[in-house]
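I have placed the structure first, in the form of structure tokens, so that the comments after it can refer back to it.
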Amino acid sequence: MTLHTIPSAGARLDIPSYIPSGNECRLFETAWTRQLPLLLKGPTGCGKTRFVSHMAARLGLPLATVSCHDDLAAADLTGRYLLKGGDTVWVDGPLTRAVRDGGICYLDEIVEARKDVAVVLHPLTDDRRILPLERTGECLEATPGFMLVVSYNPGYQNILKALKPSTKQRFVSIEFDFLPKAQEVAVVSVESGLDEARVAPLVELARRLRSLKGHDIEEGVSTRLLVYCACLIDSGMDRKDAVRAAIIEPLTDDPDVRTALIEVANGITG
């Protein structure tokens, strides 16, 4: 296995902000250095995508992000023949470009993609690190600077969209969760510009509503929604209106549940 050195963190000045909660940055760097595929798992909006963007910039690597969905097929990642100027030409997909040229290919919410995607990824996630392209007859060996990163939300999958154990065991894995209260307050304050004293009640509300996940609401309040809410308040919007627009309404369409959540919010944020 070929090893390669990590570029200087000072090579990029536009590194997205990220506050580590453990040793995830070191683990990411080690996985990249040793050419290991990486799986990130955790609730929606807890910072997985921001973490990947941060690490890509920190390592000075190109980043191709693909948001997976029900119709995403292997060809969307590998490439396809297209008509250009009357000629039929092969056009690489984001995964193939990363395999050829290096960089990180990040597949967000991998369980949402079609089943044929996993088949394409398997030979890239073992010691072969190859990508067979049946339509062109090529078998690409990943360049040393290539890294595959995927993510999913274990709490938001059904039996038809569970990530198979045989697939999970091909990756080094990092589990994400929402930050401790003080750290989440700091993150939301930095991202929104709202002072920490005014952010703290919003974070407390989020923590209270997250305890209702799986009961009255399907998902908890993401840190992303907290940032949206804080941005609205920082721009002069009334706090109750901001909480309803950025936190309550995205969580539920049920009028009774919405009313109950508003009462909880009023009791915490005033």
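Scheme for the structure tokens: letters A, B, ... for chains in order shown; per-chain residue numbers from 1; ligand numbers from 1 in order shown.
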
If we count only C-alpha atoms, what is near Ser17 in chain A at a cut-off of 9 Å, once residues fewer than 3 positions away on the same chain are taken out, given as a list in words?
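Near Ser17 in chain A, the qualifying residues are Asp14, Arg50, Phe51, His54, Val187, Val190 and Glu191 of chain A.
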
Deliver the residues from the most recent selection as a file, using N, CA and C atoms, as a CSV table (one decimal), in the first residue's frame.
chain,number,residue,atom,x,y,z
A,14,ASP,N,-9.2,29.3,3.1
A,14,ASP,CA,-10.6,29.3,3.1
A,14,ASP,C,-11.2,28.0,3.7
A,50,ARG,N,-20.3,19.3,6.8
A,50,ARG,CA,-19.3,20.4,7.1
A,50,ARG,C,-18.0,19.8,7.5
A,51,PHE,N,-18.0,18.7,8.2
A,51,PHE,CA,-16.7,18.1,8.6
A,51,PHE,C,-15.9,17.7,7.3
A,54,HIS,N,-14.5,20.7,5.6
A,54,HIS,CA,-13.4,21.2,6.4
A,54,HIS,C,-12.1,20.4,6.2
A,187,VAL,N,-20.9,27.1,18.2
A,187,VAL,CA,-20.9,27.0,16.8
A,187,VAL,C,-22.1,27.8,16.2
A,190,VAL,N,-21.1,31.5,16.2
A,190,VAL,CA,-20.1,31.9,15.1
A,190,VAL,C,-20.8,31.9,13.8
A,191,GLU,N,-21.6,30.9,13.5
A,191,GLU,CA,-22.2,30.7,12.1
A,191,GLU,C,-23.2,31.8,11.9

Sel. of alpha helix (DSSP H) residues, range 23-252 of chain A, as a compact mmCIF listing (two decimals) with C-alpha atoms, in the first residue's frame:
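Listing of selection04.txt after writing:
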# COMPACT_ATOMS: atom_id res chain seq x y z
CA GLU A 24 -12.36 12.70 14.22
CA CYS A 25 -9.92 15.05 12.45
CA ARG A 26 -6.93 12.86 13.23
CA LEU A 27 -8.86 9.75 12.22
CA PHE A 28 -9.81 11.34 8.90
CA GLU A 29 -6.22 12.36 8.19
CA THR A 30 -4.97 8.87 9.02
CA ALA A 31 -7.61 7.23 6.84
CA TRP A 32 -6.63 9.45 3.93
CA THR A 33 -2.92 8.83 4.44
CA LYS A 48 -21.10 15.48 8.78
CA THR A 49 -21.03 17.38 5.51
CA ARG A 50 -19.34 20.41 7.09
CA PHE A 51 -16.73 18.08 8.56
CA VAL A 52 -15.91 16.63 5.13
CA SER A 53 -15.67 20.12 3.60
CA HIS A 54 -13.40 21.21 6.45
CA MET A 55 -11.10 18.23 6.07
CA ALA A 56 -10.92 18.50 2.28
CA ALA A 57 -9.86 22.15 2.55
CA ARG A 58 -7.50 21.41 5.41
CA LEU A 59 -5.77 18.71 3.36
CA ALA A 74 -24.17 3.71 -10.64
CA ALA A 75 -23.94 5.42 -14.06
CA ASP A 76 -24.52 8.80 -12.40
CA LEU A 77 -21.29 8.21 -10.46
CA THR A 78 -19.16 6.43 -13.05
CA PRO A 94 -17.79 12.46 -10.23
CA LEU A 95 -16.56 9.15 -8.82
CA THR A 96 -14.55 8.30 -11.92
CA ARG A 97 -12.99 11.78 -12.06
CA ALA A 98 -11.88 11.47 -8.44
CA VAL A 99 -10.46 7.98 -9.06
CA ARG A 100 -8.50 9.23 -12.08
CA ASP A 101 -7.33 12.60 -10.80
CA ASP A 116 -26.25 -1.01 -8.00
CA VAL A 117 -24.20 1.83 -6.45
CA ALA A 118 -22.91 -0.46 -3.68
CA VAL A 119 -21.73 -2.96 -6.30
CA VAL A 120 -19.62 -0.25 -7.95
CA LEU A 121 -18.12 0.85 -4.64
CA PRO A 165 -23.23 -5.24 7.25
CA SER A 166 -21.08 -6.48 4.35
CA THR A 167 -20.90 -2.90 3.08
CA LYS A 168 -20.36 -1.26 6.49
CA LYS A 181 -24.51 22.22 24.77
CA ALA A 182 -21.66 24.70 25.26
CA GLN A 183 -19.98 23.72 22.01
CA GLU A 184 -23.23 23.85 20.04
CA VAL A 185 -23.93 27.32 21.42
CA ALA A 186 -20.48 28.43 20.27
CA VAL A 187 -20.95 26.95 16.78
CA VAL A 188 -24.38 28.50 16.24
CA SER A 189 -23.13 31.86 17.50
CA VAL A 190 -20.13 31.86 15.15
CA GLU A 191 -22.20 30.74 12.15
CA SER A 192 -25.04 33.20 12.67
CA GLU A 196 -24.08 33.30 22.74
CA ALA A 197 -26.45 34.55 25.46
CA ARG A 198 -29.28 34.72 22.91
CA VAL A 199 -28.27 31.46 21.25
CA ALA A 200 -28.28 29.45 24.50
CA PRO A 201 -32.12 29.26 24.85
CA LEU A 202 -32.37 28.05 21.24
CA VAL A 203 -29.93 25.24 21.91
CA GLU A 204 -31.80 24.32 25.08
CA LEU A 205 -35.02 24.16 23.06
CA ALA A 206 -33.37 21.94 20.48
CA ARG A 207 -32.13 19.56 23.15
CA ARG A 208 -35.63 19.34 24.64
CA LEU A 209 -37.24 18.69 21.24
CA ARG A 210 -34.64 16.08 20.32
CA THR A 223 -27.77 22.30 14.31
CA ARG A 224 -28.40 23.60 10.80
CA LEU A 225 -31.93 24.68 11.75
CA LEU A 226 -30.57 26.39 14.86
CA VAL A 227 -28.19 28.41 12.68
CA TYR A 228 -31.09 29.39 10.40
CA CYS A 229 -33.15 30.47 13.40
CA ALA A 230 -30.29 32.46 14.90
CA CYS A 231 -29.67 34.17 11.54
CA LEU A 232 -33.31 35.30 11.42
CA ILE A 233 -33.12 36.67 14.95
CA ASP A 234 -29.79 38.37 14.25
CA ARG A 239 -37.75 35.50 18.29
CA LYS A 240 -41.09 33.68 18.38
CA ASP A 241 -41.57 34.14 14.64
CA ALA A 242 -38.02 32.94 13.97
CA VAL A 243 -38.44 29.87 16.15
CA GLU A 249 -42.59 24.34 10.98
CA PRO A 250 -39.78 22.18 9.49
CA LEU A 251 -40.40 19.51 12.16

From the list A:Pro37, A:Gly193, A:Gly145, A:Gly102, the nearest residue to Leu124 in chain A using only C-alpha atoms is A:Pro37

Of the candidates A:Leu163, A:Ala64, A:Val221, A:Leu83, which one gets nearest to Phe178 in chain A if we count only C-alpha atoms?
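Of A:Leu163, A:Ala64, A:Val221, A:Leu83, the one nearest Phe178 in chain A, counting only C-alpha atoms, is A:Val221.
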
Separation of CA of Gly220 in chain A from CA of Val264 in chain A, in Å and rounded to one decimal:
14.1 Å

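DSSP on the backbone gives strand (DSSP E) for these parts of range 100-163 of chain A: Gly103, Ile104, Cys105, Tyr106, Leu107, Asp108, Ile130, Leu131, Pro132, Leu133, Glu138, Cys139, Leu140, Glu141, Phe146, Met147, Leu148, Val149, Val150, Ser151 and Tyr152 of chain A.
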
Separation of CA of Val150 in chain A and CA of Ala162 in chain A, in Å?
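Interatomic distance, CA of Val150 in chain A to CA of Ala162 in chain A: 14.0 Å.
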
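Ranking A:Cys46, A:Ile19, A:Ala260, A:Val149 by their shortest atom-to-atom distance to Leu107 in chain A, with only C-alpha atoms included, puts A:Val149 first.
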
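The space separating CA of Leu36 in chain A from CA of Asp127 in chain A comes to 9.0 Å.
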